[in-house]
file protein07.tsv (TSV, N, CA and C atoms)
chain	number	residue	atom	x	y	z
A	1	MET	N	91.78	120.43	89.41
A	1	MET	CA	92.13	119.70	90.61
A	1	MET	C	91.02	118.70	90.92
A	2	LYS	N	91.42	117.47	91.18
A	2	LYS	CA	90.47	116.42	91.54
A	2	LYS	C	90.22	116.47	93.04
A	3	LYS	N	88.99	116.21	93.42
A	3	LYS	CA	88.63	116.13	94.83
A	3	LYS	C	88.01	114.77	95.11
A	4	ALA	N	88.24	114.27	96.31
A	4	ALA	CA	87.61	113.04	96.77
A	4	ALA	C	87.01	113.32	98.14
A	5	GLU	N	85.96	112.61	98.44
A	5	GLU	CA	85.29	112.78	99.73
A	5	GLU	C	85.15	111.42	100.41
A	6	ILE	N	85.46	111.40	101.70
A	6	ILE	CA	85.28	110.20	102.52
A	6	ILE	C	84.21	110.52	103.55
A	7	LYS	N	83.24	109.64	103.64
A	7	LYS	CA	82.13	109.84	104.57
A	7	LYS	C	82.11	108.69	105.58
A	8	LEU	N	82.06	109.04	106.85
A	8	LEU	CA	81.93	108.07	107.94
A	8	LEU	C	80.55	108.25	108.57
A	9	THR	N	79.87	107.14	108.82
A	9	THR	CA	78.58	107.19	109.50
A	9	THR	C	78.67	106.29	110.73
A	10	ILE	N	78.35	106.85	111.87
A	10	ILE	CA	78.43	106.14	113.14
A	10	ILE	C	77.03	106.08	113.74
A	11	ASP	N	76.51	104.87	113.92
A	11	ASP	CA	75.23	104.68	114.60
A	11	ASP	C	75.53	104.41	116.08
A	12	LEU	N	74.96	105.22	116.96
A	12	LEU	CA	75.21	105.11	118.40
A	12	LEU	C	73.99	104.57	119.13
A	13	ASP	N	74.24	103.86	120.24
A	13	ASP	CA	73.14	103.43	121.09
A	13	ASP	C	72.77	104.59	122.03
A	14	ASP	N	71.88	104.33	122.97
A	14	ASP	CA	71.42	105.37	123.90
A	14	ASP	C	72.53	105.91	124.79
A	15	ASN	N	73.59	105.12	124.98
A	15	ASN	CA	74.73	105.54	125.80
A	15	ASN	C	75.88	106.09	124.96
A	16	HIS	N	75.61	106.39	123.71
A	16	HIS	CA	76.60	106.94	122.77
A	16	HIS	C	77.75	105.99	122.47
A	17	ILE	N	77.48	104.69	122.53
A	17	ILE	CA	78.45	103.66	122.19
A	17	ILE	C	78.18	103.26	120.73
A	18	PRO	N	79.24	103.22	119.91
A	18	PRO	CA	79.01	102.85	118.49
A	18	PRO	C	78.45	101.42	118.35
A	19	GLU	N	77.36	101.33	117.63
A	19	GLU	CA	76.77	100.03	117.29
A	19	GLU	C	77.14	99.62	115.87
A	20	LYS	N	77.31	100.62	115.00
A	20	LYS	CA	77.59	100.35	113.60
A	20	LYS	C	78.43	101.51	113.05
A	21	ILE	N	79.46	101.15	112.29
A	21	ILE	CA	80.31	102.14	111.62
A	21	ILE	C	80.34	101.76	110.14
A	22	THR	N	80.07	102.72	109.29
A	22	THR	CA	80.21	102.51	107.85
A	22	THR	C	81.02	103.65	107.25
A	23	TRP	N	81.66	103.35	106.13
A	23	TRP	CA	82.42	104.38	105.44
A	23	TRP	C	82.18	104.24	103.94
A	24	GLU	N	82.32	105.34	103.25
A	24	GLU	CA	82.21	105.35	101.80
A	24	GLU	C	83.10	106.45	101.25
A	25	SER	N	83.49	106.29	99.99
A	25	SER	CA	84.39	107.26	99.36
A	25	SER	C	83.95	107.51	97.93
A	26	THR	N	84.09	108.74	97.51
A	26	THR	CA	83.76	109.06	96.12
A	26	THR	C	84.75	108.43	95.15
A	27	ASP	N	85.93	108.04	95.63
A	27	ASP	CA	86.94	107.39	94.79
A	27	ASP	C	86.89	105.87	94.83
A	28	ALA	N	86.04	105.30	95.65
A	28	ALA	CA	85.98	103.84	95.80
A	28	ALA	C	85.38	103.20	94.55
A	29	GLN	N	85.76	101.95	94.32
A	29	GLN	CA	85.19	101.22	93.19
A	29	GLN	C	83.70	100.95	93.42
A	30	THR	N	83.35	100.68	94.66
A	30	THR	CA	81.94	100.46	95.00
A	30	THR	C	81.38	101.75	95.59
A	31	LYS	N	80.16	102.04	95.30
A	31	LYS	CA	79.55	103.29	95.78
A	31	LYS	C	78.71	103.07	97.03
A	32	GLU	N	78.70	101.84	97.54
A	32	GLU	CA	77.90	101.57	98.74
A	32	GLU	C	78.72	101.82	100.00
A	33	ALA	N	78.03	102.11	101.09
A	33	ALA	CA	78.68	102.28	102.39
A	33	ALA	C	79.11	100.91	102.89
A	34	LEU	N	80.37	100.79	103.28
A	34	LEU	CA	80.93	99.52	103.73
A	34	LEU	C	81.03	99.49	105.25
A	35	PRO	N	80.61	98.39	105.88
A	35	PRO	CA	80.67	98.30	107.34
A	35	PRO	C	82.08	97.96	107.82
A	36	VAL	N	82.46	98.52	108.96
A	36	VAL	CA	83.71	98.21	109.65
A	36	VAL	C	83.40	98.09	111.14
A	37	LYS	N	84.29	97.43	111.86
A	37	LYS	CA	84.10	97.26	113.31
A	37	LYS	C	84.92	98.25	114.12
A	38	SER	N	85.97	98.83	113.51
A	38	SER	CA	86.85	99.73	114.24
A	38	SER	C	87.48	100.71	113.27
A	39	MET	N	87.85	101.88	113.79
A	39	MET	CA	88.52	102.89	112.97
A	39	MET	C	89.42	103.75	113.84
A	40	MET	N	90.49	104.23	113.22
A	40	MET	CA	91.38	105.21	113.84
A	40	MET	C	91.62	106.30	112.81
A	41	LEU	N	91.36	107.52	113.20
A	41	LEU	CA	91.56	108.65	112.32
A	41	LEU	C	92.48	109.63	113.03
A	42	ALA	N	93.59	109.96	112.40
A	42	ALA	CA	94.54	110.92	112.97
A	42	ALA	C	94.73	112.06	111.98
A	43	LEU	N	94.63	113.27	112.47
A	43	LEU	CA	94.78	114.47	111.64
A	43	LEU	C	95.80	115.39	112.30
A	44	TRP	N	96.66	115.99	111.50
A	44	TRP	CA	97.65	116.92	112.02
A	44	TRP	C	97.10	118.34	111.95
A	45	ASP	N	97.02	119.02	113.08
A	45	ASP	CA	96.58	120.41	113.16
A	45	ASP	C	97.83	121.28	113.08
A	46	ASN	N	98.06	121.86	111.93
A	46	ASN	CA	99.26	122.66	111.70
A	46	ASN	C	99.26	123.94	112.54
A	47	ASN	N	98.10	124.51	112.82
A	47	ASN	CA	98.04	125.74	113.61
A	47	ASN	C	98.49	125.52	115.05
A	48	TYR	N	98.02	124.42	115.67
A	48	TYR	CA	98.35	124.14	117.07
A	48	TYR	C	99.49	123.15	117.23
A	49	LYS	N	99.97	122.61	116.10
A	49	LYS	CA	101.09	121.64	116.10
A	49	LYS	C	100.79	120.45	117.00
A	50	ASN	N	99.60	119.87	116.80
A	50	ASN	CA	99.25	118.66	117.55
A	50	ASN	C	98.35	117.76	116.72
A	51	THR	N	98.14	116.57	117.22
A	51	THR	CA	97.35	115.56	116.51
A	51	THR	C	95.94	115.53	117.06
A	52	LEU	N	94.99	115.49	116.16
A	52	LEU	CA	93.58	115.31	116.50
A	52	LEU	C	93.24	113.86	116.16
A	53	ARG	N	92.58	113.16	117.06
A	53	ARG	CA	92.32	111.73	116.83
A	53	ARG	C	90.87	111.37	117.13
A	54	ILE	N	90.39	110.43	116.36
A	54	ILE	CA	89.12	109.79	116.63
A	54	ILE	C	89.36	108.29	116.54
A	55	ASP	N	89.21	107.59	117.65
A	55	ASP	CA	89.34	106.14	117.70
A	55	ASP	C	87.99	105.59	118.14
A	56	LEU	N	87.38	104.79	117.28
A	56	LEU	CA	86.07	104.23	117.60
A	56	LEU	C	86.04	102.75	117.25
A	57	TRP	N	85.26	101.99	118.00
A	57	TRP	CA	85.02	100.60	117.67
A	57	TRP	C	83.62	100.26	118.14
A	58	THR	N	83.00	99.32	117.44
A	58	THR	CA	81.65	98.91	117.81
A	58	THR	C	81.70	98.03	119.04
A	59	LYS	N	80.59	98.00	119.75
A	59	LYS	CA	80.57	97.22	120.99
A	59	LYS	C	80.66	95.73	120.75
A	60	ASP	N	80.49	95.28	119.51
A	60	ASP	CA	80.64	93.86	119.22
A	60	ASP	C	81.97	93.54	118.53
A	61	MET	N	82.91	94.47	118.60
A	61	MET	CA	84.25	94.21	118.05
A	61	MET	C	84.94	93.17	118.92
A	62	PRO	N	85.31	92.01	118.37
A	62	PRO	CA	85.97	90.98	119.17
A	62	PRO	C	87.37	91.43	119.62
A	63	VAL	N	87.74	91.07	120.83
A	63	VAL	CA	89.04	91.46	121.39
A	63	VAL	C	90.19	90.93	120.53
A	64	ASP	N	90.08	89.70	120.04
A	64	ASP	CA	91.16	89.16	119.22
A	64	ASP	C	91.33	89.94	117.92
A	65	GLU	N	90.23	90.43	117.36
A	65	GLU	CA	90.32	91.26	116.15
A	65	GLU	C	90.88	92.64	116.48
A	66	MET	N	90.57	93.17	117.67
A	66	MET	CA	91.12	94.46	118.09
A	66	MET	C	92.63	94.36	118.23
A	67	LYS	N	93.11	93.27	118.80
A	67	LYS	CA	94.56	93.07	118.91
A	67	LYS	C	95.21	93.05	117.53
A	68	ARG	N	94.59	92.34	116.61
A	68	ARG	CA	95.12	92.26	115.23
A	68	ARG	C	95.07	93.63	114.56
A	69	PHE	N	93.98	94.36	114.79
A	69	PHE	CA	93.82	95.71	114.23
A	69	PHE	C	94.95	96.63	114.70
A	70	PHE	N	95.26	96.60	115.99
A	70	PHE	CA	96.34	97.43	116.52
A	70	PHE	C	97.68	97.02	115.93
A	71	TYR	N	97.92	95.72	115.86
A	71	TYR	CA	99.17	95.21	115.29
A	71	TYR	C	99.34	95.69	113.84
A	72	GLU	N	98.32	95.51	113.04
A	72	GLU	CA	98.42	95.92	111.64
A	72	GLU	C	98.53	97.44	111.50
A	73	THR	N	97.87	98.17	112.40
A	73	THR	CA	97.98	99.64	112.37
A	73	THR	C	99.41	100.08	112.69
A	74	LEU	N	100.02	99.46	113.69
A	74	LEU	CA	101.41	99.79	114.01
A	74	LEU	C	102.33	99.50	112.83
A	75	GLN	N	102.12	98.36	112.17
A	75	GLN	CA	102.92	97.99	111.01
A	75	GLN	C	102.77	99.03	109.89
A	76	THR	N	101.54	99.40	109.58
A	76	THR	CA	101.34	100.34	108.48
A	76	THR	C	101.78	101.75	108.84
A	77	MET	N	101.76	102.09	110.13
A	77	MET	CA	102.32	103.39	110.55
A	77	MET	C	103.81	103.42	110.25
A	78	GLY	N	104.49	102.31	110.46
A	78	GLY	CA	105.90	102.21	110.10
A	78	GLY	C	106.11	102.41	108.61
A	79	ASP	N	105.27	101.78	107.79
A	79	ASP	CA	105.36	101.95	106.34
A	79	ASP	C	105.19	103.42	105.96
A	80	SER	N	104.19	104.06	106.54
A	80	SER	CA	103.92	105.47	106.23
A	80	SER	C	105.06	106.37	106.68
A	81	PHE	N	105.59	106.10	107.88
A	81	PHE	CA	106.68	106.92	108.40
A	81	PHE	C	107.92	106.78	107.52
A	82	LEU	N	108.21	105.56	107.09
A	82	LEU	CA	109.36	105.34	106.21
A	82	LEU	C	109.18	106.07	104.89
A	83	LYS	N	108.00	105.97	104.33
A	83	LYS	CA	107.71	106.65	103.05
A	83	LYS	C	107.82	108.17	103.19
A	84	ALA	N	107.34	108.70	104.32
A	84	ALA	CA	107.32	110.15	104.53
A	84	ALA	C	108.68	110.73	104.90
A	85	THR	N	109.51	109.94	105.62
A	85	THR	CA	110.75	110.51	106.16
A	85	THR	C	112.02	109.84	105.67
A	86	GLY	N	111.93	108.59	105.22
A	86	GLY	CA	113.12	107.85	104.84
A	86	GLY	C	113.95	107.37	106.02
A	87	GLU	N	113.42	107.47	107.22
A	87	GLU	CA	114.12	107.09	108.45
A	87	GLU	C	114.08	105.58	108.65
A	88	THR	N	115.00	104.87	108.01
A	88	THR	CA	114.97	103.41	108.04
A	88	THR	C	115.32	102.83	109.42
A	89	ALA	N	116.27	103.42	110.12
A	89	ALA	CA	116.73	102.86	111.40
A	89	ALA	C	115.60	102.80	112.42
A	90	ILE	N	114.87	103.87	112.58
A	90	ILE	CA	113.81	103.89	113.58
A	90	ILE	C	112.64	103.00	113.15
A	91	VAL	N	112.42	102.89	111.86
A	91	VAL	CA	111.36	102.01	111.38
A	91	VAL	C	111.72	100.55	111.66
A	92	GLU	N	112.99	100.22	111.56
A	92	GLU	CA	113.42	98.86	111.94
A	92	GLU	C	113.15	98.61	113.42
A	93	ASP	N	113.38	99.62	114.26
A	93	ASP	CA	113.06	99.49	115.69
A	93	ASP	C	111.56	99.27	115.89
A	94	LEU	N	110.76	100.02	115.15
A	94	LEU	CA	109.30	99.85	115.25
A	94	LEU	C	108.89	98.45	114.80
A	95	ARG	N	109.49	97.96	113.74
A	95	ARG	CA	109.20	96.60	113.27
A	95	ARG	C	109.55	95.56	114.35
A	96	ASP	N	110.69	95.79	115.01
A	96	ASP	CA	111.07	94.89	116.12
A	96	ASP	C	110.01	94.92	117.21
A	97	TYR	N	109.53	96.13	117.54
A	97	TYR	CA	108.49	96.23	118.56
A	97	TYR	C	107.21	95.53	118.09
A	98	CYS	N	106.88	95.65	116.82
A	98	CYS	CA	105.68	95.00	116.29
A	98	CYS	C	105.75	93.49	116.46
A	99	ILE	N	106.95	92.92	116.26
A	99	ILE	CA	107.13	91.48	116.49
A	99	ILE	C	106.87	91.16	117.95
A	100	HIS	N	107.44	91.97	118.84
A	100	HIS	CA	107.23	91.80	120.29
A	100	HIS	C	105.74	91.89	120.64
A	101	PHE	N	105.07	92.89	120.10
A	101	PHE	CA	103.64	93.09	120.33
A	101	PHE	C	102.85	91.87	119.87
A	102	ALA	N	103.15	91.38	118.67
A	102	ALA	CA	102.44	90.23	118.12
A	102	ALA	C	102.65	88.98	118.98
A	103	GLU	N	103.86	88.82	119.48
A	103	GLU	CA	104.14	87.67	120.37
A	103	GLU	C	103.38	87.81	121.68
A	104	LYS	N	103.41	88.98	122.29
A	104	LYS	CA	102.73	89.20	123.57
A	104	LYS	C	101.21	89.03	123.45
A	105	MET	N	100.67	89.44	122.31
A	105	MET	CA	99.23	89.34	122.07
A	105	MET	C	98.83	87.97	121.50
A	106	LYS	N	99.84	87.10	121.36
A	106	LYS	CA	99.62	85.75	120.84
A	106	LYS	C	99.02	85.76	119.43
A	107	LEU	N	99.50	86.71	118.62
A	107	LEU	CA	99.09	86.79	117.23
A	107	LEU	C	99.96	85.90	116.34
A	108	VAL	N	101.17	85.61	116.84
A	108	VAL	CA	102.10	84.72	116.16
A	108	VAL	C	102.75	83.84	117.22
A	109	LYS	N	103.31	82.76	116.77
A	109	LYS	CA	104.03	81.89	117.70
A	109	LYS	C	105.41	82.47	117.97
A	110	GLU	N	105.84	82.42	119.22
A	110	GLU	CA	107.15	82.97	119.60
A	110	GLU	C	108.27	82.12	119.05

call {"tool": "encode", "arguments": {"input": "protein07.tsv", "output": "structure tokens"}}
result
Amino acid sequence: MKKAEIKLTIDLDDNHIPEKITWESTDAQTKEALPVKSMMLALWDNNYKNTLRIDLWTKDMPVDEMKRFFYETLQTMGDSFLKATGETAIVEDLRDYCIHFAEKMKLVKE
């Protein structure tokens, strides 16, 4: 059995606000820690039947990039849900919402 490890490193300021986030993986082509400005991690706890989440962003994450990050995350959640369940109808609804979100956030022209 092959194993892979993902490592997240969060540098915090004195108020526990993320200043720097880096990630690395044993399966990555590059072995260096790569910087990111934001992350969302969701894990399913099968024992308690609920989601555990860690959402972090650095204090210098630009608002326009955060909007784009959320938009792209919603889109890829739809891709994952479709792949996992085959539920095309609801994914189409989510895609429609993503268009609405992008328009409201001025990520695309209406």

call {"tool": "select_by_dssp", "arguments": {"input": "protein07.tsv", "residues": "chain A", "states": "strand (DSSP E)", "output": "ChimeraX atom specification"}}
result
/A:6-12,18-25,34-36,38-45,50-57

call {"tool": "residues_around", "arguments": {"input": "protein07.tsv", "residues": "Asp55 of chain A", "least_positions_apart": "3", "cutoff": "5 Å", "atoms": "only N, CA and C atoms", "output": "MDAnalysis selection string"}}
result
chainID A and resid 39:41

call {"tool": "residues_around", "arguments": {"input": "protein07.tsv", "residues": "segment 14-29 of chain A", "least_positions_apart": "4", "cutoff": "6 Å", "atoms": "all atoms listed in the file", "output": "PyMOL selection string"}}
result
chain A and resi 4-10+33-36+57-59

call {"tool": "write_last_selection", "arguments": {"input": "protein07.tsv", "atoms": "N, CA and C atoms", "output": "PDB file, in the coordinates of the input"}}
result
ATOM      1  N   ALA A   4      88.240 114.270  96.310  1.00  0.00           N
ATOM      2  CA  ALA A   4      87.610 113.040  96.770  1.00  0.00           C
ATOM      3  C   ALA A   4      87.010 113.320  98.140  1.00  0.00           C
ATOM      4  N   GLU A   5      85.960 112.610  98.440  1.00  0.00           N
ATOM      5  CA  GLU A   5      85.290 112.780  99.730  1.00  0.00           C
ATOM      6  C   GLU A   5      85.150 111.420 100.410  1.00  0.00           C
ATOM      7  N   ILE A   6      85.460 111.400 101.700  1.00  0.00           N
ATOM      8  CA  ILE A   6      85.280 110.200 102.520  1.00  0.00           C
ATOM      9  C   ILE A   6      84.210 110.520 103.550  1.00  0.00           C
ATOM     10  N   LYS A   7      83.240 109.640 103.640  1.00  0.00           N
ATOM     11  CA  LYS A   7      82.130 109.840 104.570  1.00  0.00           C
ATOM     12  C   LYS A   7      82.110 108.690 105.580  1.00  0.00           C
ATOM     13  N   LEU A   8      82.060 109.040 106.850  1.00  0.00           N
ATOM     14  CA  LEU A   8      81.930 108.070 107.940  1.00  0.00           C
ATOM     15  C   LEU A   8      80.550 108.250 108.570  1.00  0.00           C
ATOM     16  N   THR A   9      79.870 107.140 108.820  1.00  0.00           N
ATOM     17  CA  THR A   9      78.580 107.190 109.500  1.00  0.00           C
ATOM     18  C   THR A   9      78.670 106.290 110.730  1.00  0.00           C
ATOM     19  N   ILE A  10      78.350 106.850 111.870  1.00  0.00           N
ATOM     20  CA  ILE A  10      78.430 106.140 113.140  1.00  0.00           C
ATOM     21  C   ILE A  10      77.030 106.080 113.740  1.00  0.00           C
ATOM     22  N   ALA A  33      78.030 102.110 101.090  1.00  0.00           N
ATOM     23  CA  ALA A  33      78.680 102.280 102.390  1.00  0.00           C
ATOM     24  C   ALA A  33      79.110 100.910 102.890  1.00  0.00           C
ATOM     25  N   LEU A  34      80.370 100.790 103.280  1.00  0.00           N
ATOM     26  CA  LEU A  34      80.930  99.520 103.730  1.00  0.00           C
ATOM     27  C   LEU A  34      81.030  99.490 105.250  1.00  0.00           C
ATOM     28  N   PRO A  35      80.610  98.390 105.880  1.00  0.00           N
ATOM     29  CA  PRO A  35      80.670  98.300 107.340  1.00  0.00           C
ATOM     30  C   PRO A  35      82.080  97.960 107.820  1.00  0.00           C
ATOM     31  N   VAL A  36      82.460  98.520 108.960  1.00  0.00           N
ATOM     32  CA  VAL A  36      83.710  98.210 109.650  1.00  0.00           C
ATOM     33  C   VAL A  36      83.400  98.090 111.140  1.00  0.00           C
ATOM     34  N   TRP A  57      85.260 101.990 118.000  1.00  0.00           N
ATOM     35  CA  TRP A  57      85.020 100.600 117.670  1.00  0.00           C
ATOM     36  C   TRP A  57      83.620 100.260 118.140  1.00  0.00           C
ATOM     37  N   THR A  58      83.000  99.320 117.440  1.00  0.00           N
ATOM     38  CA  THR A  58      81.650  98.910 117.810  1.00  0.00           C
ATOM     39  C   THR A  58      81.700  98.030 119.040  1.00  0.00           C
ATOM     40  N   LYS A  59      80.590  98.000 119.750  1.00  0.00           N
ATOM     41  CA  LYS A  59      80.570  97.220 120.990  1.00  0.00           C
ATOM     42  C   LYS A  59      80.660  95.730 120.750  1.00  0.00           C
TER      43      LYS A  59
END

call {"tool": "atom_distance", "arguments": {"input": "protein07.tsv", "atom1": "atom CA of Asp45 of chain A", "atom2": "atom CA of Met61 of chain A"}}
result
29.4 Å

call {"tool": "select_by_dssp", "arguments": {"input": "protein07.tsv", "residues": "chain A", "states": "helix (DSSP H, G or I)", "output": "PyMOL selection string"}}
result
chain A and resi 63-85+88-104

call {"tool": "write_last_selection", "arguments": {"input": "protein07.tsv", "atoms": "N, CA and C atoms", "output": "tab-separated table (two decimals), keeping the file's coordinate frame"}}
result
chain	number	residue	atom	x	y	z
A	63	VAL	N	87.74	91.07	120.83
A	63	VAL	CA	89.04	91.46	121.39
A	63	VAL	C	90.19	90.93	120.53
A	64	ASP	N	90.08	89.70	120.04
A	64	ASP	CA	91.16	89.16	119.22
A	64	ASP	C	91.33	89.94	117.92
A	65	GLU	N	90.23	90.43	117.36
A	65	GLU	CA	90.32	91.26	116.15
A	65	GLU	C	90.88	92.64	116.48
A	66	MET	N	90.57	93.17	117.67
A	66	MET	CA	91.12	94.46	118.09
A	66	MET	C	92.63	94.36	118.23
A	67	LYS	N	93.11	93.27	118.80
A	67	LYS	CA	94.56	93.07	118.91
A	67	LYS	C	95.21	93.05	117.53
A	68	ARG	N	94.59	92.34	116.61
A	68	ARG	CA	95.12	92.26	115.23
A	68	ARG	C	95.07	93.63	114.56
A	69	PHE	N	93.98	94.36	114.79
A	69	PHE	CA	93.82	95.71	114.23
A	69	PHE	C	94.95	96.63	114.70
A	70	PHE	N	95.26	96.60	115.99
A	70	PHE	CA	96.34	97.43	116.52
A	70	PHE	C	97.68	97.02	115.93
A	71	TYR	N	97.92	95.72	115.86
A	71	TYR	CA	99.17	95.21	115.29
A	71	TYR	C	99.34	95.69	113.84
A	72	GLU	N	98.32	95.51	113.04
A	72	GLU	CA	98.42	95.92	111.64
A	72	GLU	C	98.53	97.44	111.50
A	73	THR	N	97.87	98.17	112.40
A	73	THR	CA	97.98	99.64	112.37
A	73	THR	C	99.41	100.08	112.69
A	74	LEU	N	100.02	99.46	113.69
A	74	LEU	CA	101.41	99.79	114.01
A	74	LEU	C	102.33	99.50	112.83
A	75	GLN	N	102.12	98.36	112.17
A	75	GLN	CA	102.92	97.99	111.01
A	75	GLN	C	102.77	99.03	109.89
A	76	THR	N	101.54	99.40	109.58
A	76	THR	CA	101.34	100.34	108.48
A	76	THR	C	101.78	101.75	108.84
A	77	MET	N	101.76	102.09	110.13
A	77	MET	CA	102.32	103.39	110.55
A	77	MET	C	103.81	103.42	110.25
A	78	GLY	N	104.49	102.31	110.46
A	78	GLY	CA	105.90	102.21	110.10
A	78	GLY	C	106.11	102.41	108.61
A	79	ASP	N	105.27	101.78	107.79
A	79	ASP	CA	105.36	101.95	106.34
A	79	ASP	C	105.19	103.42	105.96
A	80	SER	N	104.19	104.06	106.54
A	80	SER	CA	103.92	105.47	106.23
A	80	SER	C	105.06	106.37	106.68
A	81	PHE	N	105.59	106.10	107.88
A	81	PHE	CA	106.68	106.92	108.40
A	81	PHE	C	107.92	106.78	107.52
A	82	LEU	N	108.21	105.56	107.09
A	82	LEU	CA	109.36	105.34	106.21
A	82	LEU	C	109.18	106.07	104.89
A	83	LYS	N	108.00	105.97	104.33
A	83	LYS	CA	107.71	106.65	103.05
A	83	LYS	C	107.82	108.17	103.19
A	84	ALA	N	107.34	108.70	104.32
A	84	ALA	CA	107.32	110.15	104.53
A	84	ALA	C	108.68	110.73	104.90
A	85	THR	N	109.51	109.94	105.62
A	85	THR	CA	110.75	110.51	106.16
A	85	THR	C	112.02	109.84	105.67
A	88	THR	N	115.00	104.87	108.01
A	88	THR	CA	114.97	103.41	108.04
A	88	THR	C	115.32	102.83	109.42
A	89	ALA	N	116.27	103.42	110.12
A	89	ALA	CA	116.73	102.86	111.40
A	89	ALA	C	115.60	102.80	112.42
A	90	ILE	N	114.87	103.87	112.58
A	90	ILE	CA	113.81	103.89	113.58
A	90	ILE	C	112.64	103.00	113.15
A	91	VAL	N	112.42	102.89	111.86
A	91	VAL	CA	111.36	102.01	111.38
A	91	VAL	C	111.72	100.55	111.66
A	92	GLU	N	112.99	100.22	111.56
A	92	GLU	CA	113.42	98.86	111.94
A	92	GLU	C	113.15	98.61	113.42
A	93	ASP	N	113.38	99.62	114.26
A	93	ASP	CA	113.06	99.49	115.69
A	93	ASP	C	111.56	99.27	115.89
A	94	LEU	N	110.76	100.02	115.15
A	94	LEU	CA	109.30	99.85	115.25
A	94	LEU	C	108.89	98.45	114.80
A	95	ARG	N	109.49	97.96	113.74
A	95	ARG	CA	109.20	96.60	113.27
A	95	ARG	C	109.55	95.56	114.35
A	96	ASP	N	110.69	95.79	115.01
A	96	ASP	CA	111.07	94.89	116.12
A	96	ASP	C	110.01	94.92	117.21
A	97	TYR	N	109.53	96.13	117.54
A	97	TYR	CA	108.49	96.23	118.56
A	97	TYR	C	107.21	95.53	118.09
A	98	CYS	N	106.88	95.65	116.82
A	98	CYS	CA	105.68	95.00	116.29
A	98	CYS	C	105.75	93.49	116.46
A	99	ILE	N	106.95	92.92	116.26
A	99	ILE	CA	107.13	91.48	116.49
A	99	ILE	C	106.87	91.16	117.95
A	100	HIS	N	107.44	91.97	118.84
A	100	HIS	CA	107.23	91.80	120.29
A	100	HIS	C	105.74	91.89	120.64
A	101	PHE	N	105.07	92.89	120.10
A	101	PHE	CA	103.64	93.09	120.33
A	101	PHE	C	102.85	91.87	119.87
A	102	ALA	N	103.15	91.38	118.67
A	102	ALA	CA	102.44	90.23	118.12
A	102	ALA	C	102.65	88.98	118.98
A	103	GLU	N	103.86	88.82	119.48
A	103	GLU	CA	104.14	87.67	120.37
A	103	GLU	C	103.38	87.81	121.68
A	104	LYS	N	103.41	88.98	122.29
A	104	LYS	CA	102.73	89.20	123.57
A	104	LYS	C	101.21	89.03	123.45

call {"tool": "residues_around", "arguments": {"input": "protein07.tsv", "residues": "segment 68-73 of chain A", "least_positions_apart": "2", "cutoff": "8 Å", "atoms": "all atoms listed in the file", "output": "ChimeraX atom specification"}}
result
/A:62-66,75-79,98,101-102,105,107

call {"tool": "closest_residue", "arguments": {"input": "protein07.tsv", "among": "A:Phe81, A:Lys37, A:Asn47, A:Val91", "to": "Asp60 of chain A", "atoms": "all atoms listed in the file"}}
result
A:Lys37

call {"tool": "atom_distance", "arguments": {"input": "protein07.tsv", "atom1": "atom N of Leu56 of chain A", "atom2": "atom N of Leu12 of chain A"}}
result
12.4 Å

call {"tool": "atom_distance", "arguments": {"input": "protein07.tsv", "atom1": "atom C of Thr88 of chain A", "atom2": "atom N of Glu103 of chain A"}}
result
20.7 Å

call {"tool": "axis_aligned_box", "arguments": {"input": "protein07.tsv", "around": "segment 18-28 of chain A", "padding_each_side": "8 Å", "output": "JSON"}}
result
{"center_x": 81.9, "center_y": 104.3, "center_z": 107.2, "size_x": 26.2, "size_y": 25.4, "size_z": 41.4}
